[in-house]
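Notes follow the structure.
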2 protein chains.
Amino acid sequence: MHRKEVAKLAGVSEATVSRVLNGVGPVKEETRKRVMEAAQQLNYVPSALAQRFALRRSGNLGVILPMLPKVNLFSTFYFSEVLSGIGITAKQRGYDLLMLFREPDEPRDYVNLFRTQKVDACIVLGAQDVPNERAALAELQDGRHPFCLVNQRFDGESFNTVDADHQMGSCQAVKHLAERGFKRILFLNGPAVYSNSLDRLDGYRQGIEEAGLTYDRSMVLVGNYSRKSGYKQAEAVAWLIREGRTDAVIAANDRMAIGLLQGLKELGIQVGKDVALIGCDDSDGARLTDPPLSSIQVPFYEVGCAAASRLLDTISDPRNSFAVKLPVKLIERASSAAVAFTES
Amino acid sequence: MHRKEVAKLAGVSEATVSRVLNGVGPVKEETRKRVMEAAQQLNYVPSALAQRFALRRSGNLGVILPMLPKVNLFSTFYFSEVLSGIGITAKQRGYDLLMLFREPDEPRDYVNLFRTQKVDACIVLGAQDVPNERAALAELQDGRHPFCLVNQRFDGESFNTVDADHQMGSCQAVKHLAERGFKRILFLNGPAVYSNSLDRLDGYRQGIEEAGLTYDRSMVLVGNYSRKSGYKQAEAVAWLIREGRTDAVIAANDRMAIGLLQGLKELGIQVGKDVALIGCDDSDGARLTDPPLSSIQVPFYEVGCAAASRLLDTISDPRNSFAVKLPVKLIERASSAAVAFTES
DNA sequence: GTGAAAGCGCTAACAT
DNA sequence: ATGTTAGCGCTTTCAC
């Protein structure tokens with residue numbers, strides 16, 4: 001069962017067993033064969049634990065994710081997609097995936113993951129731009145520990161990042177609406193602790209200006225990315241619609257868009273007819289609503305792949321720092337299909 | 001930075017440092033203090049890698065999950081919930097979570113996870129009752145490796161399992177419908193490789209009989225748990241409805257129910273009025289459809305907790321084998337709210 | 001109560 | 001081309 005016995009059975013030293021199994025160093029083909037057979041016969045597999053200890057590498061890629069109680073920070077859709085991308089990529093590169101759940105009250109003790117040698121690199125999901133987070137990440141950076149953020153930038157820092165082009169996304173959404181004649185476009189944003197909220201706002205503003213409309217900050221509402229927060233805006237939005245003060249809404253994620261849509265429906269307002277609506281993420285839910293929700297598709301799986309792949313590159317050469325931005329794409333569905341009623 | 005230096009600074013041996021940090025063996029309070037201070041001062045944290053190697057325990061709980069290409073086997077909802085439960089529990093018990101993605105064509109080499117000492121125990125998600133899987137699991141069992149299945153039983157084997165009471169669930173659903181006067185209840189099931197499909201069918205049948213109706217196998221349709229497979233049944237179901245041959249449908253998961261609902265809507269049939277519909281899982285999507293979908297709520301998070309918790313118990317004492325079955329609960333929404341039109 | 005030393009199963013430098 | 005040996009950083013007996 002152990003290497004020693006394999007060595008004995010094959011009539012070689014333990015070192016040779018190692019060489020054969022790792023395919024390193026010169027080995028006579030015949031010995032190689034003998035060793036392989038012995039290993040096979042004894043059903044021997046080297047202990048990853050011992051290997052990693054000897055090599056002082058855990059072989060693990062850590063994924064840190066905050067567990068927001070009940071109110072899922074990320075849609076399960078986002079999470080599953082990103083995680084799959086990371087997982088598949090890690091695996092291809094010979095790394096195992098270590099999941100690290102952080103509970104809300106727990107300190108962000110990222111450095112210790114490296115000091116205890118639990119991970120060789122880590123990806124931080126759902127980071128927020130708050131002082132504690134910045135500090136924890138800066139500490140990682142100072143320690144030269146390979147890490148990478150997904151979907152979150154920190155202005156003024158040069159952290160590795162993989163993000164989607166949210167700015168472009170909302171810009172496109174605005175233009176799409178403007179082209180169809182919508183002129184009073186509301187924007188329902190998320191909290192500013194997430195950089196993509198800011199990005200989306202920038203994009204919205206840019207789109208508004210490029211479409212020849214004028215940016216009006218009172219047209220920007222704020223929710224917290226939950227369905228409920230979208231739902232709660234329905235009354236206000238309904239009123240604006242009835243007053244003729246708005247004819248289209250872009251929400252910073254699908255969950256809020258869906259909540260809003262449900263709220264509006266209850267108030268007798270038909271999305272896709274009385275008002276256009278576009279969400280962000282193109283989650284599963286976007287296809288389920290009535291009418292189906294137009295949404296900005298984000299390649300989350302690819303985001304995960306890129307994060308893992310680029311991050312692992314930096315292990316061998318820390319100069320491989322990166323800030324990737326992946327393109328998004330507007331998916332048009334019935335919620336924004338109509339043409340605006342053109343007022344005189 | 002290393003234990004040796006801590007020992008020197010504290011003026012003790014390395015063994016004593018260990019004792020202090022692990023809280024084992026008798027240590028004079030004063031030495032304890034000295035060591036703690038030294039460790040603190042040098043910012044010393046023991047290497048989990050070395051520890052685990054010395055103890056011959058990886059400290060990892062593995063989670064195996066098959067990656068079905070694109071067609072997500074489990075809804076992301078199911079997956080996230082179960083995974084959270086497992087993750088939180090593992091953490092509380094001092095284990096790390098190792099994610100193990102298995103691609104479709106890959107062999108099920110579960111035993112090697114243990115032989116390489118990558119995990120101390122593992123949870124298998126999305127297992128199927130096919131020969132290869134049975135064999136792989138049997139091999140684990142033979143090797144006395146602690147493992148546990150979630151949401152899948154294997155008849156004739158005594159594998160550790162945590163499952164929901166799917167049988168009770170569909171039984172309740174049938175009775176709920178029967179009480180409201182529905183008499184011709186269709187059942188849209190999933191593939192038989194998943195034991196819960198069989199359980200649900202049993203429950204359906206039991207419910208039918210207990211409600212004083214008669215079981216008719218032609219009332220059982222089969223999909224593959226995807227939304228599309230539900231959608232595709234819409235024509236057939238619509239026809240049955242128009243012929244007066246059915247007045248209610250239970251689908252074995254929400255995704256199929258939602259697909260069916262969308263298909264029926266396109267065919268001009270109003271769910272919740274022309275026909276009652278109940279799904280299973282109470283996923284996020286159930287709240288998004290129009291009308292909202294009645295569904296059988298499964299405590300996935302708790303399933304994950306139970307699986308991890310009970311499994312880790314078996315590590316210390318293998319006699320702690322288990323087969324847990326958690327209760328489910330019917331959530332009534334508009335899709336099954338109406339009372340059946342009572343024919344003369 | 002504390003120190004010395006063996007051993008966990010592997011890698012890698014060095015010797016042959 | 002292969003064997004020998006010294007670690008890797010920790011735990012744990014066994015002395016003292």
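As shown in the structure tokens, the chain order sets the letters A, B, ...; within each chain, residues go from 1, and ligands are also counted from 1 in the order they appear.
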Residues of chain B at most 7 Å from chain A: nearest atom pair and distance in Å, only C-alpha atoms, as CSV:
residue,atom,partner,partner_atom,distance
B:Val45,CA,A:Thr116,CA,6.2
B:Pro46,CA,A:Thr116,CA,6.0
B:Ser47,CA,A:Thr116,CA,4.3
B:Ala48,CA,A:Thr116,CA,5.1
B:Leu49,CA,A:Phe53,CA,5.9
B:Ala50,CA,A:Phe53,CA,6.0
B:Phe53,CA,A:Leu49,CA,5.9
B:Ser58,CA,A:Leu49,CA,6.8
B:Thr76,CA,A:Thr76,CA,5.8
B:Phe77,CA,A:Thr76,CA,5.9
B:Ser80,CA,A:Thr76,CA,6.1
B:Gly87,CA,A:Phe101,CA,6.8
B:Leu97,CA,A:Met99,CA,5.3
B:Leu98,CA,A:Leu98,CA,4.7
B:Met99,CA,A:Leu97,CA,5.3
B:Phe101,CA,A:Gly87,CA,6.8
B:Arg115,CA,A:Val45,CA,6.5
B:Thr116,CA,A:Ser47,CA,4.3
B:Gln117,CA,A:Ser47,CA,5.8
B:Lys118,CA,A:Ala48,CA,6.4
B:Gly285,CA,A:Gly285,CA,6.3
B:Leu288,CA,A:Thr289,CA,5.9
B:Thr289,CA,A:Thr289,CA,5.6
B:Asp290,CA,A:Asp290,CA,6.5
Within 7 Å of chain D: residues of chain A, using only C-alpha atoms (C1' of nucleotides), as a PDB file with N, CA, C and O atoms, in the first residue's frame:
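And here is the file that came out, selection25.pdb:
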ATOM      1  N   SER A  13      14.721   1.666  -5.668  1.00  0.00           N
ATOM      2  CA  SER A  13      14.661   2.511  -4.471  1.00  0.00           C
ATOM      3  C   SER A  13      13.394   3.367  -4.500  1.00  0.00           C
ATOM      4  O   SER A  13      12.764   3.533  -5.549  1.00  0.00           O
ATOM      5  N   THR A  16      13.337   6.176  -7.015  1.00  0.00           N
ATOM      6  CA  THR A  16      13.004   5.819  -8.396  1.00  0.00           C
ATOM      7  C   THR A  16      11.498   5.724  -8.588  1.00  0.00           C
ATOM      8  O   THR A  16      10.962   6.136  -9.625  1.00  0.00           O
ATOM      9  N   PRO A  26      15.821  11.007 -15.616  1.00  0.00           N
ATOM     10  CA  PRO A  26      16.006   9.925 -16.591  1.00  0.00           C
ATOM     11  C   PRO A  26      15.713   8.576 -15.933  1.00  0.00           C
ATOM     12  O   PRO A  26      16.188   8.315 -14.833  1.00  0.00           O
ATOM     13  N   VAL A  27      14.917   7.783 -16.587  1.00  0.00           N
ATOM     14  CA  VAL A  27      14.600   6.448 -16.077  1.00  0.00           C
ATOM     15  C   VAL A  27      14.622   5.462 -17.237  1.00  0.00           C
ATOM     16  O   VAL A  27      14.072   5.756 -18.301  1.00  0.00           O
ATOM     17  N   LYS A  28      15.263   4.354 -17.009  1.00  0.00           N
ATOM     18  CA  LYS A  28      15.272   3.349 -18.067  1.00  0.00           C
ATOM     19  C   LYS A  28      13.844   2.857 -18.282  1.00  0.00           C
ATOM     20  O   LYS A  28      13.110   2.618 -17.330  1.00  0.00           O
ATOM     21  N   PHE A  53       2.900  18.748   1.139  1.00  0.00           N
ATOM     22  CA  PHE A  53       3.689  19.174   2.285  1.00  0.00           C
ATOM     23  C   PHE A  53       5.151  19.300   1.881  1.00  0.00           C
ATOM     24  O   PHE A  53       5.815  20.312   2.175  1.00  0.00           O
ATOM     25  N   ALA A  54       5.631  18.293   1.193  1.00  0.00           N
ATOM     26  CA  ALA A  54       7.036  18.310   0.778  1.00  0.00           C
ATOM     27  C   ALA A  54       7.304  19.489  -0.156  1.00  0.00           C
ATOM     28  O   ALA A  54       8.365  20.102  -0.099  1.00  0.00           O
TER      29      ALA A  54
END
Where in range 129-334 of chain B does DSSP assign strand (DSSP E), given as a PDB file with N, CA and C atoms, in the first residue's frame?
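See out34.pdb below for the written result:
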ATOM      1  N   PHE B 147     -18.799   8.398   3.391  1.00  0.00           N
ATOM      2  CA  PHE B 147     -19.413   9.212   2.340  1.00  0.00           C
ATOM      3  C   PHE B 147     -20.915   9.228   2.544  1.00  0.00           C
ATOM      4  N   CYS B 148     -21.561  10.061   1.783  1.00  0.00           N
ATOM      5  CA  CYS B 148     -22.988  10.247   1.979  1.00  0.00           C
ATOM      6  C   CYS B 148     -23.608  10.783   0.697  1.00  0.00           C
ATOM      7  N   LEU B 149     -24.786  10.300   0.419  1.00  0.00           N
ATOM      8  CA  LEU B 149     -25.511  10.732  -0.772  1.00  0.00           C
ATOM      9  C   LEU B 149     -26.546  11.761  -0.375  1.00  0.00           C
ATOM     10  N   VAL B 150     -26.788  12.679  -1.269  1.00  0.00           N
ATOM     11  CA  VAL B 150     -27.831  13.652  -1.018  1.00  0.00           C
ATOM     12  C   VAL B 150     -28.904  13.490  -2.080  1.00  0.00           C
ATOM     13  N   THR B 161     -27.439   8.358   3.559  1.00  0.00           N
ATOM     14  CA  THR B 161     -28.261   9.206   2.691  1.00  0.00           C
ATOM     15  C   THR B 161     -28.962  10.310   3.476  1.00  0.00           C
ATOM     16  N   VAL B 162     -29.047  11.460   2.864  1.00  0.00           N
ATOM     17  CA  VAL B 162     -29.973  12.467   3.360  1.00  0.00           C
ATOM     18  C   VAL B 162     -30.890  12.835   2.213  1.00  0.00           C
ATOM     19  N   ASP B 163     -32.159  12.754   2.453  1.00  0.00           N
ATOM     20  CA  ASP B 163     -33.125  12.946   1.380  1.00  0.00           C
ATOM     21  C   ASP B 163     -34.312  13.726   1.941  1.00  0.00           C
ATOM     22  N   ALA B 164     -35.146  14.210   1.054  1.00  0.00           N
ATOM     23  CA  ALA B 164     -36.385  14.827   1.509  1.00  0.00           C
ATOM     24  C   ALA B 164     -37.498  13.815   1.284  1.00  0.00           C
ATOM     25  N   ILE B 185     -55.920  14.116 -12.256  1.00  0.00           N
ATOM     26  CA  ILE B 185     -54.631  14.754 -11.984  1.00  0.00           C
ATOM     27  C   ILE B 185     -53.491  14.100 -12.745  1.00  0.00           C
ATOM     28  N   LEU B 186     -52.880  14.870 -13.603  1.00  0.00           N
ATOM     29  CA  LEU B 186     -51.708  14.384 -14.359  1.00  0.00           C
ATOM     30  C   LEU B 186     -50.472  14.467 -13.477  1.00  0.00           C
ATOM     31  N   PHE B 187     -49.521  13.604 -13.766  1.00  0.00           N
ATOM     32  CA  PHE B 187     -48.244  13.702 -13.067  1.00  0.00           C
ATOM     33  C   PHE B 187     -47.124  13.735 -14.097  1.00  0.00           C
ATOM     34  N   LEU B 188     -46.351  14.813 -14.076  1.00  0.00           N
ATOM     35  CA  LEU B 188     -45.215  14.932 -15.001  1.00  0.00           C
ATOM     36  C   LEU B 188     -43.946  14.628 -14.216  1.00  0.00           C
ATOM     37  N   ASN B 189     -43.428  13.461 -14.435  1.00  0.00           N
ATOM     38  CA  ASN B 189     -42.298  12.999 -13.630  1.00  0.00           C
ATOM     39  C   ASN B 189     -40.958  13.218 -14.329  1.00  0.00           C
ATOM     40  N   VAL B 220     -49.455   9.515 -16.298  1.00  0.00           N
ATOM     41  CA  VAL B 220     -48.094   9.841 -15.894  1.00  0.00           C
ATOM     42  C   VAL B 220     -47.227  10.126 -17.120  1.00  0.00           C
ATOM     43  N   LEU B 221     -46.739  11.352 -17.223  1.00  0.00           N
ATOM     44  CA  LEU B 221     -45.857  11.730 -18.324  1.00  0.00           C
ATOM     45  C   LEU B 221     -44.427  11.801 -17.789  1.00  0.00           C
ATOM     46  N   VAL B 222     -43.463  11.795 -18.695  1.00  0.00           N
ATOM     47  CA  VAL B 222     -42.081  11.862 -18.236  1.00  0.00           C
ATOM     48  C   VAL B 222     -41.284  12.928 -18.968  1.00  0.00           C
ATOM     49  N   ALA B 248     -55.790  19.059 -13.651  1.00  0.00           N
ATOM     50  CA  ALA B 248     -54.714  19.491 -12.762  1.00  0.00           C
ATOM     51  C   ALA B 248     -53.435  18.735 -13.108  1.00  0.00           C
ATOM     52  N   VAL B 249     -52.311  19.382 -12.873  1.00  0.00           N
ATOM     53  CA  VAL B 249     -51.025  18.735 -13.159  1.00  0.00           C
ATOM     54  C   VAL B 249     -50.080  18.944 -11.983  1.00  0.00           C
ATOM     55  N   ILE B 250     -49.380  17.878 -11.633  1.00  0.00           N
ATOM     56  CA  ILE B 250     -48.282  17.994 -10.683  1.00  0.00           C
ATOM     57  C   ILE B 250     -47.008  17.690 -11.457  1.00  0.00           C
ATOM     58  N   ALA B 251     -46.035  18.584 -11.357  1.00  0.00           N
ATOM     59  CA  ALA B 251     -44.764  18.320 -12.049  1.00  0.00           C
ATOM     60  C   ALA B 251     -43.713  18.013 -10.991  1.00  0.00           C
ATOM     61  N   ALA B 276     -55.141  23.403 -12.805  1.00  0.00           N
ATOM     62  CA  ALA B 276     -54.304  23.677 -11.633  1.00  0.00           C
ATOM     63  C   ALA B 276     -52.915  23.104 -11.889  1.00  0.00           C
ATOM     64  N   LEU B 277     -51.918  23.719 -11.263  1.00  0.00           N
ATOM     65  CA  LEU B 277     -50.542  23.239 -11.487  1.00  0.00           C
ATOM     66  C   LEU B 277     -49.739  23.363 -10.201  1.00  0.00           C
ATOM     67  N   ILE B 278     -49.010  22.311  -9.896  1.00  0.00           N
ATOM     68  CA  ILE B 278     -48.142  22.328  -8.718  1.00  0.00           C
ATOM     69  C   ILE B 278     -46.759  21.833  -9.125  1.00  0.00           C
ATOM     70  N   GLY B 279     -45.737  22.526  -8.657  1.00  0.00           N
ATOM     71  CA  GLY B 279     -44.365  22.093  -8.946  1.00  0.00           C
ATOM     72  C   GLY B 279     -43.721  21.486  -7.714  1.00  0.00           C
ATOM     73  N   CYS B 280     -42.445  21.201  -7.824  1.00  0.00           N
ATOM     74  CA  CYS B 280     -41.700  20.702  -6.669  1.00  0.00           C
ATOM     75  C   CYS B 280     -40.388  21.456  -6.564  1.00  0.00           C
ATOM     76  N   ASP B 281     -40.031  21.848  -5.391  1.00  0.00           N
ATOM     77  CA  ASP B 281     -38.746  22.451  -5.001  1.00  0.00           C
ATOM     78  C   ASP B 281     -38.920  23.823  -4.372  1.00  0.00           C
ATOM     79  N   SER B 294     -47.704  27.151  -7.194  1.00  0.00           N
ATOM     80  CA  SER B 294     -47.727  26.343  -5.967  1.00  0.00           C
ATOM     81  C   SER B 294     -46.600  25.331  -6.083  1.00  0.00           C
ATOM     82  N   SER B 295     -45.984  25.020  -4.956  1.00  0.00           N
ATOM     83  CA  SER B 295     -44.841  24.120  -5.076  1.00  0.00           C
ATOM     84  C   SER B 295     -44.554  23.434  -3.757  1.00  0.00           C
ATOM     85  N   ILE B 296     -43.893  22.317  -3.841  1.00  0.00           N
ATOM     86  CA  ILE B 296     -43.556  21.574  -2.635  1.00  0.00           C
ATOM     87  C   ILE B 296     -42.181  22.020  -2.170  1.00  0.00           C
ATOM     88  N   GLN B 297     -42.179  22.630  -1.013  1.00  0.00           N
ATOM     89  CA  GLN B 297     -40.942  23.205  -0.511  1.00  0.00           C
ATOM     90  C   GLN B 297     -40.066  22.126   0.116  1.00  0.00           C
ATOM     91  N   ALA B 323     -29.786   7.287   7.434  1.00  0.00           N
ATOM     92  CA  ALA B 323     -30.644   7.499   6.263  1.00  0.00           C
ATOM     93  C   ALA B 323     -31.699   8.485   6.707  1.00  0.00           C
ATOM     94  N   VAL B 324     -31.384   9.755   6.525  1.00  0.00           N
ATOM     95  CA  VAL B 324     -32.251  10.820   7.015  1.00  0.00           C
ATOM     96  C   VAL B 324     -33.284  11.179   5.955  1.00  0.00           C
ATOM     97  N   LYS B 325     -34.487  11.442   6.392  1.00  0.00           N
ATOM     98  CA  LYS B 325     -35.515  11.896   5.456  1.00  0.00           C
ATOM     99  C   LYS B 325     -36.187  13.123   6.039  1.00  0.00           C
ATOM    100  N   LEU B 326     -36.023  14.253   5.401  1.00  0.00           N
ATOM    101  CA  LEU B 326     -36.570  15.505   5.931  1.00  0.00           C
ATOM    102  C   LEU B 326     -37.943  15.809   5.355  1.00  0.00           C
ATOM    103  N   LYS B 329     -43.058  20.503   2.447  1.00  0.00           N
ATOM    104  CA  LYS B 329     -44.257  21.273   2.797  1.00  0.00           C
ATOM    105  C   LYS B 329     -44.831  21.911   1.548  1.00  0.00           C
ATOM    106  N   LEU B 330     -46.105  21.755   1.379  1.00  0.00           N
ATOM    107  CA  LEU B 330     -46.732  22.340   0.193  1.00  0.00           C
ATOM    108  C   LEU B 330     -46.952  23.829   0.382  1.00  0.00           C
ATOM    109  N   ILE B 331     -46.462  24.609  -0.558  1.00  0.00           N
ATOM    110  CA  ILE B 331     -46.689  26.044  -0.521  1.00  0.00           C
ATOM    111  C   ILE B 331     -47.769  26.372  -1.545  1.00  0.00           C
TER     112      ILE B 331
END
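Every residue of chain C that lies within 8 Å of chain A is listed here, counting only C-alpha atoms (C1' of nucleotides): DG9, DC10 and DT11 of chain C.
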Can those selected residues be exported to a file as a PDB file, in the first residue's frame so that it contains C-alpha atoms (C1' of nucleotides)?
ATOM      1  C1'  DG C   9       5.298  10.122   2.995  1.00  0.00           C
ATOM      2  C1'  DC C  10       7.116  12.685  -0.084  1.00  0.00           C
ATOM      3  C1'  DT C  11      10.865  15.612  -3.084  1.00  0.00           C
TER       4       DT C  11
END
Name all residues at most 10 Å from range 131-139 of chain B (count only C-alpha atoms (C1' of nucleotides); drop same-chain ones fewer than 4 positions away) and give them as a ChimeraX atom specification.
/B:107-111,124,127,143-145,147-149,154,157-159
Based on the selection just made, write C-alpha atoms of those residues as a short mmCIF file (atom, residue, chain, number, x, y, z; two decimals), in the first residue's frame.
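Generated output (result-v8.cif):
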data_model
loop_
_atom_site.label_atom_id
_atom_site.label_comp_id
_atom_site.auth_asym_id
_atom_site.auth_seq_id
_atom_site.Cartn_x
_atom_site.Cartn_y
_atom_site.Cartn_z
CA PRO B 107 -14.64 8.14 -14.60
CA ARG B 108 -16.09 8.16 -11.12
CA ASP B 109 -12.86 7.72 -9.30
CA TYR B 110 -14.15 8.40 -5.85
CA VAL B 111 -11.86 6.05 -3.92
CA VAL B 124 -21.99 13.01 -3.49
CA ALA B 127 -25.66 10.70 -8.10
CA GLY B 143 -13.08 0.67 1.58
CA ARG B 144 -14.93 1.95 4.63
CA HIS B 145 -14.55 5.49 3.37
CA PHE B 147 -19.41 9.21 2.34
CA CYS B 148 -22.99 10.25 1.98
CA LEU B 149 -25.51 10.73 -0.77
CA PHE B 154 -29.90 3.13 -3.91
CA GLU B 157 -27.52 -0.79 -0.61
CA SER B 158 -27.06 0.68 2.80
CA PHE B 159 -25.36 3.90 1.81
#
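Counting only C-alpha atoms and comparing B:Glu266, B:Asp282, B:Gly207, B:Arg217, the residue that lies closest to Ala234 in chain B is B:Glu266.
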Could you give me the residues within range 21-93 of chain A that DSSP places in helix (DSSP H, G or I), as a PyMOL selection string?
chain A and resi 21-22+29-42+48-55+76-92
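CA of Glu235 in chain B is positioned 10.3 Å from CA of Ile269 in chain B.
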